[in-house]
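One structure is given here, and the rest of the page talks about it.
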There are 2 protein chains.
Amino acid sequence: MKINTIKITPIAIPDVPLANTKGVHGSVFLRAIIELKTDTGLVGLGETYGAKRTLTGLQKVGPTLKGLDPHNLRDLRMRVEKALPDGGGVNAPTALADHKAVDVVYSAFEIACLDLRGKEAGRPLYDLLGGAVRKTIPFGGYLFYKFAKQDCRFGPDILGEVMSPDTLVAEAKQFVAAYGFKSLKLKGGVLEPDLEIETMLKLHEAFPGHGLRIDPMGAWTVPTAMRVIDALKDKLEYLEDPVRGMDAMAELSAQTAMPLATNLVVVEFEQIIEAVKKDAVQIILSDHHYWRGATGAIHLGEMCRAAGLGVSMHSNSHLGISLAAMCHVAAATPNLTYDCDTHYPWYDKEIIKGGRFSFQNGTLQVPESPGLGVELDHEAVAELHDLYNAALVKDRDDTDEMLKYVPDYVRQVPRW
Amino acid sequence: MKINTIKITPIAIPDVPLANTKGVHGSVFLRAIIELKTDTGLVGLGETYGAKRTLTGLQKVGPTLKGLDPHNLRDLRMRVEKALPDGGGVNAPTALADHKAVDVVYSAFEIACLDLRGKEAGRPLYDLLGGAVRKTIPFGGYLFYKFAKQDCRFGPDILGEVMSPDTLVAEAKQFVAAYGFKSLKLKGGVLEPDLEIETMLKLHEAFPGHGLRIDPMGAWTVPTAMRVIDALKDKLEYLEDPVRGMDAMAELSAQTAMPLATNLVVVEFEQIIEAVKKDAVQIILSDHHYWRGATGAIHLGEMCRAAGLGVSMHSNSHLGISLAAMCHVAAATPNLTYDCDTHYPWYDKEIIKGGRFSFQNGTLQVPESPGLGVELDHEAVAELHDLYNAALVKDRDDTDEMLKYVPDYVRQVPRW
């Protein structure tokens, strides 16, 4: 089995103005859909970020994969590194280190290779990762403060403005009623810390049995984080990226028993070692899109087990190919003991046959068909590719988008 | 594909009196051969230690594997842990922690499961480990001081007595001439340190281009190890387990630039974290027999990469199933940059069809047939199983054996 055709399709999906520390989501979000076809007639699928830097990387690497045996992930890695000697070649601003682009591009193709291997072997992808410890995958409700949408050319708004504790609790109630989520995570760092504390306390009041988390993406100083912790102790599963940088996380960690989670200060295997030496974090967020694919995410789980760290799962705006892969990784990661994050309920489009995944009691069943267990709906992809061309948005810039809502907005981390 | 028959066959292989810090090898060494048969008619092979503690563990776990899907290594792990709640159940003395017996038993069955998966998929085992970065696997010559064999009932001696620097160099010359090894490792901790220094200096003189190592298995104090390092600096690739225990290794490591390797103080993933925190070692020896199988050995490689540690490969007395598995692991471990250890040349028996592996220029080609790429020679197994029954040796005790050669021998670590 060798790869002979590589297709990379950028698509745009109508988004809603979800707020975060950097700013706010734009009118669309971007994804890239990967199709790897083999000389044996199989097609392997992948889905990853579609912004300029990743897309350029994918397009540079794609043609070099002709002839690749999808079993040989070492060969894939070498081809990616060779094609991206400068780490991706687009010096777009990013939260991730330059060479992280190599991991992101590798990860996108790795999933497609695993999909091919599963299809060839007639096995669900989780069986290539050591087998499933669970087949029912619990997800949490991912709550955002948001503006009412101004630009509805590409898709409708949902829920209108959510910029207060009470409206956020109302959002949570809608999510829980619709999807049955048993845990809730708030993207914080948007309102004054006191308002976010109030939000969490009201969420706790409304959902006393739910696991709760808040992720201000480094928006707070250590003293502010300590103030939040004092107000919310015993009410959170963990606190995600409260402060910015490994050393600030370590400083905070030394002052509190609250478990600290991260998807910002530990995004590479080398950083796990640094984090352990500094006792900076207690939980690391897994994500097959940048932790060197699904096999990398499994390695992450093993390293966390060895280091005595917990594992949770990160989400970015995504559709069903990513969601299927997240299910397979979650199925095969024994110590992934927290409900997974997902942006999925915020969108209504899908690019896989059979339409959208449906949550039951906050969970999804891991697909059991060979590979990822999903097939591409080419018409749906074509429609979102047309939107990509029409929308003229080719990159993500939440800060720039924020100026449409808050004309004098200045990004600042930490802000409080 | 489900496992429906589990066969575990202990065998004894004629050994020669190779000396080490614990004592000396006995008249035979013991292995256990695993055969897992599936409802689809495939047979998966494994080979591991055959001494009492491991054999008992294998026999306890074996019957519980009926119905196991060989893809589900998580299920295998749970079955092993359930069947060995006390960590193996035989409180035989061992250098490894009690729960290490669980890892050893798991590892033996894991390899057999991977063999099955490879056979089902029509793929060499390395393809289940992420693919091969190399297909020519370099091995080093594993040199031992040895006594002339007293008990030749079960098999002949080779090389006679080797208990001096000059005779050891003669041994090395025979090994290099016969197998083409490009590196040489001495099992040290047997003679006075000055004699072992002299041996290494004479090896360096005889083989100036060869990579050299010495492994006294913790026989030295830190000052003695420093004396050896001063005498041999720039002449060794690394020094393996010169002193006993993590803290002594860390104390030594702080005093020298000589890379320290280990297969004694770091034998579990958790210990990698401790070793990194203490900067106790620079190289870890991989071994699929106890690092949670071949997939565990691959995880070890990833962790070492992340931690900035080197990887080498450990050997115990073994036959061809183990050797095949070692080749597959070495093929799929990118950062295994040292020649692998192997005891293989010390024995002349084999249990696989086609007879013994043949080294060319110190290397082996990784088998390319599905799975491990080897088939069992049932007649050869039966013959060595008969020897197991006849030899009446059911455990390994190098110290007890030593009394046959040195009647007043007392085991002591460190000795010098």
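Chain identifiers are assigned as A, B, and so on, following the order in which chains appear in the structure tokens; residues are numbered from 1 within each chain, and ligands are numbered from 1 in order of appearance.
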
Could you please tell me, as a PyMOL selection string, which residues of chain B have an atom within 6 Å of chain A when using only C-alpha atoms? chain B and resi 71-74+121+127+130-131+269-270+306

When you look at Val366 (chain A) with a cut-off of 12 Å (counting only C-alpha atoms), what residues show up, excluding the ones that are within fewer than 3 positions of it in the same chain? I need them as a PyMOL selection string. chain A and resi 124-127+131-138+320+323-332+357-359+363+369-374

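For Gly155 (chain A), the non-local neighbours within 6 Å, defined as residues at least 2 positions apart in the same chain or in other chains and counting only C-alpha atoms, are Pro14, Cys152 and Arg153 of chain A.
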
Can you write just those residues out, C-alpha atoms, as a PDB file, in the first residue's frame?
```pdb
ATOM      1  CA  PRO A  14     -19.711  29.724   9.746  1.00  0.00           C
ATOM      2  CA  CYS A 152     -24.637  36.814   9.546  1.00  0.00           C
ATOM      3  CA  ARG A 153     -23.825  36.558   5.830  1.00  0.00           C
TER       4      ARG A 153
END
```

So that I can check the secondary structure, give me every residue of region 109-296 of chain B assigned strand (DSSP E or B) by backbone DSSP, as a VMD selection string. chain B and resid 124 136 to 139 141 to 144 146 162 183 to 187 211 to 215 220 238 to 240 243 260 to 262 283 to 286

N, CA and C atoms of the current selection, written as an mmCIF file, in the first residue's frame:
```cif
data_model
loop_
_atom_site.group_PDB
_atom_site.id
_atom_site.type_symbol
_atom_site.label_atom_id
_atom_site.label_comp_id
_atom_site.auth_asym_id
_atom_site.auth_seq_id
_atom_site.Cartn_x
_atom_site.Cartn_y
_atom_site.Cartn_z
ATOM 1 N N PRO B 124 5.338 -6.936 8.632
ATOM 2 C CA PRO B 124 6.375 -7.164 9.651
ATOM 3 C C PRO B 124 6.058 -6.366 10.913
ATOM 4 N N THR B 136 18.943 -2.741 8.861
ATOM 5 C CA THR B 136 20.182 -3.421 9.242
ATOM 6 C C THR B 136 20.465 -3.036 10.691
ATOM 7 N N ILE B 137 20.441 -4.050 11.569
ATOM 8 C CA ILE B 137 20.534 -3.772 12.998
ATOM 9 C C ILE B 137 21.929 -4.116 13.496
ATOM 10 N N PRO B 138 22.673 -3.124 13.973
ATOM 11 C CA PRO B 138 24.028 -3.400 14.457
ATOM 12 C C PRO B 138 24.025 -3.927 15.904
ATOM 13 N N PHE B 139 24.763 -4.999 16.102
ATOM 14 C CA PHE B 139 24.956 -5.563 17.452
ATOM 15 C C PHE B 139 26.425 -5.437 17.844
ATOM 16 N N GLY B 141 29.695 -6.991 20.328
ATOM 17 C CA GLY B 141 30.173 -8.223 20.953
ATOM 18 C C GLY B 141 30.085 -8.101 22.467
ATOM 19 N N TYR B 142 29.428 -9.076 23.090
ATOM 20 C CA TYR B 142 29.212 -9.030 24.553
ATOM 21 C C TYR B 142 30.249 -9.941 25.192
ATOM 22 N N LEU B 143 31.257 -9.333 25.771
ATOM 23 C CA LEU B 143 32.411 -10.080 26.281
ATOM 24 C C LEU B 143 32.264 -10.356 27.772
ATOM 25 N N PHE B 144 32.681 -11.553 28.162
ATOM 26 C CA PHE B 144 32.609 -11.966 29.568
ATOM 27 C C PHE B 144 33.934 -12.576 30.014
ATOM 28 N N LYS B 146 35.191 -15.557 32.080
ATOM 29 C CA LYS B 146 34.506 -16.838 32.302
ATOM 30 C C LYS B 146 35.464 -17.879 32.875
ATOM 31 N N VAL B 162 38.653 -17.626 30.754
ATOM 32 C CA VAL B 162 39.003 -16.255 30.341
ATOM 33 C C VAL B 162 38.963 -15.411 31.602
ATOM 34 N N SER B 183 31.532 -3.003 17.836
ATOM 35 C CA SER B 183 31.656 -2.465 19.191
ATOM 36 C C SER B 183 31.717 -3.639 20.158
ATOM 37 N N LEU B 184 32.239 -3.376 21.347
ATOM 38 C CA LEU B 184 32.487 -4.438 22.322
ATOM 39 C C LEU B 184 32.100 -3.978 23.718
ATOM 40 N N LYS B 185 31.389 -4.838 24.417
ATOM 41 C CA LYS B 185 31.020 -4.524 25.795
ATOM 42 C C LYS B 185 31.552 -5.607 26.712
ATOM 43 N N LEU B 186 32.178 -5.190 27.789
ATOM 44 C CA LEU B 186 32.680 -6.144 28.772
ATOM 45 C C LEU B 186 31.771 -6.172 29.987
ATOM 46 N N LYS B 187 31.337 -7.364 30.352
ATOM 47 C CA LYS B 187 30.648 -7.519 31.641
ATOM 48 C C LYS B 187 31.717 -7.479 32.722
ATOM 49 N N GLY B 211 33.731 0.888 19.254
ATOM 50 C CA GLY B 211 33.083 1.469 20.425
ATOM 51 C C GLY B 211 33.232 0.502 21.590
ATOM 52 N N LEU B 212 33.656 0.999 22.747
ATOM 53 C CA LEU B 212 33.875 0.127 23.915
ATOM 54 C C LEU B 212 32.992 0.549 25.082
ATOM 55 N N ARG B 213 32.535 -0.446 25.840
ATOM 56 C CA ARG B 213 31.730 -0.192 27.042
ATOM 57 C C ARG B 213 32.127 -1.209 28.109
ATOM 58 N N ILE B 214 31.893 -0.845 29.347
ATOM 59 C CA ILE B 214 32.068 -1.805 30.439
ATOM 60 C C ILE B 214 30.901 -1.656 31.411
ATOM 61 N N ASP B 215 30.436 -2.798 31.913
ATOM 62 C CA ASP B 215 29.245 -2.835 32.776
ATOM 63 C C ASP B 215 29.531 -3.675 34.005
ATOM 64 N N TRP B 220 31.114 -1.071 41.871
ATOM 65 C CA TRP B 220 32.110 -0.109 42.345
ATOM 66 C C TRP B 220 31.492 0.956 43.242
ATOM 67 N N TYR B 238 30.256 4.650 26.663
ATOM 68 C CA TYR B 238 29.585 4.975 27.920
ATOM 69 C C TYR B 238 29.984 3.962 28.978
ATOM 70 N N LEU B 239 29.661 4.299 30.214
ATOM 71 C CA LEU B 239 29.932 3.423 31.351
ATOM 72 C C LEU B 239 28.575 2.969 31.884
ATOM 73 N N GLU B 240 28.384 1.643 31.958
ATOM 74 C CA GLU B 240 27.053 1.132 32.317
ATOM 75 C C GLU B 240 27.017 0.702 33.783
ATOM 76 N N VAL B 243 27.971 2.165 39.492
ATOM 77 C CA VAL B 243 27.718 2.186 40.938
ATOM 78 C C VAL B 243 26.277 1.772 41.199
ATOM 79 N N LEU B 260 26.736 8.014 31.534
ATOM 80 C CA LEU B 260 26.400 6.843 32.350
ATOM 81 C C LEU B 260 25.138 6.196 31.787
ATOM 82 N N ALA B 261 25.212 4.879 31.596
ATOM 83 C CA ALA B 261 24.053 4.128 31.093
ATOM 84 C C ALA B 261 23.533 3.218 32.203
ATOM 85 N N THR B 262 22.280 2.788 32.063
ATOM 86 C CA THR B 262 21.746 1.888 33.083
ATOM 87 C C THR B 262 20.681 0.951 32.549
ATOM 88 N N ILE B 283 21.949 7.587 29.500
ATOM 89 C CA ILE B 283 21.531 6.586 28.514
ATOM 90 C C ILE B 283 20.730 5.495 29.238
ATOM 91 N N ILE B 284 19.608 5.111 28.653
ATOM 92 C CA ILE B 284 18.811 4.040 29.249
ATOM 93 C C ILE B 284 18.792 2.848 28.292
ATOM 94 N N LEU B 285 18.926 1.660 28.861
ATOM 95 C CA LEU B 285 18.892 0.465 28.031
ATOM 96 C C LEU B 285 17.453 -0.017 27.858
ATOM 97 N N SER B 286 17.073 -0.141 26.611
ATOM 98 C CA SER B 286 15.754 -0.641 26.240
ATOM 99 C C SER B 286 15.770 -2.171 26.297
#
```

CA of Trp416 (chain B) and CA of His25 (chain B) are how many Å apart?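 Result for CA of Trp416 (chain B) versus CA of His25 (chain B): 21.5 Å, one decimal.
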
Can you list, as a list in words, every protein, DNA or RNA residue that comes within 7 Å of Gly44 (chain B) when you count only C-alpha atoms, leaving out same-chain residues fewer than 2 positions away? Glu35, Leu36, Lys37, Leu42, Gly46, Ala112, Cys113, Asp115 and Leu116 of chain B

When you draw a straight line from CA of Gly140 (chain A) to CA of Phe181 (chain A), how long is it in Å?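 Between CA of Gly140 (chain A) and CA of Phe181 (chain A) the gap works out to 5.3 Å.
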
d(CA of Pro242 (chain B), CA of Asp287 (chain B)) in Å: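 CA of Asp287 (chain B) lies at a distance of 19.2 Å from CA of Pro242 (chain B).
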
Option closest in space to Leu191 (chain B), from B:Gln59, B:Thr167, B:Thr224, B:Thr21 [counting only C-alpha atoms]: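 Of all the options, B:Thr21 lies closest to Leu191 (chain B).
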
For His289 (chain B), please output as a VMD selection string all residues within 6 Å (counting only C-alpha atoms; exclusion window: fewer than 3 positions along the same chain). chain B and resid 104 107 293

Which of A:Ala390, A:Leu84, A:Ile3, A:Met226 sits closest to Ile197 (chain A) [using only C-alpha atoms]: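 The answer is A:Met226, which sits nearest to Ile197 (chain A).
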
Apply DSSP to the structure's backbone, then extract all residues of region 48-84 of chain B labelled alpha helix (DSSP H) and return them as a ChimeraX atom specification. /B:52-61,73-83

Just write the chosen residues, C-alpha atoms, as a CSV table (one decimal), in the first residue's frame.
```
chain,number,residue,atom,x,y,z
B,52,LYS,CA,10.5,-19.9,38.5
B,53,ARG,CA,9.0,-16.5,39.1
B,54,THR,CA,8.3,-15.6,35.5
B,55,LEU,CA,7.2,-19.1,34.6
B,56,THR,CA,4.7,-19.1,37.5
B,57,GLY,CA,3.4,-15.7,36.4
B,58,LEU,CA,3.0,-16.8,32.8
B,59,GLN,CA,1.2,-20.0,33.9
B,60,LYS,CA,-1.2,-18.0,36.1
B,61,VAL,CA,-2.0,-15.5,33.4
B,73,LEU,CA,-3.3,-4.6,24.7
B,74,ARG,CA,-5.2,-2.6,27.3
B,75,ASP,CA,-7.4,-5.7,27.9
B,76,LEU,CA,-4.2,-7.8,28.0
B,77,ARG,CA,-2.8,-5.5,30.7
B,78,MET,CA,-5.9,-5.7,32.8
B,79,ARG,CA,-6.0,-9.5,32.6
B,80,VAL,CA,-2.4,-9.7,33.6
B,81,GLU,CA,-2.8,-7.3,36.6
B,82,LYS,CA,-6.0,-9.2,37.6
B,83,ALA,CA,-4.3,-12.6,37.5
```

Could you check which of B:Glu368, B:Glu383, B:Glu375, B:Glu401 is closest to Gly354 (chain B), using only C-alpha atoms?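 Between B:Glu368, B:Glu383, B:Glu375, B:Glu401, the residue approaching Gly354 (chain B) most closely is B:Glu375.
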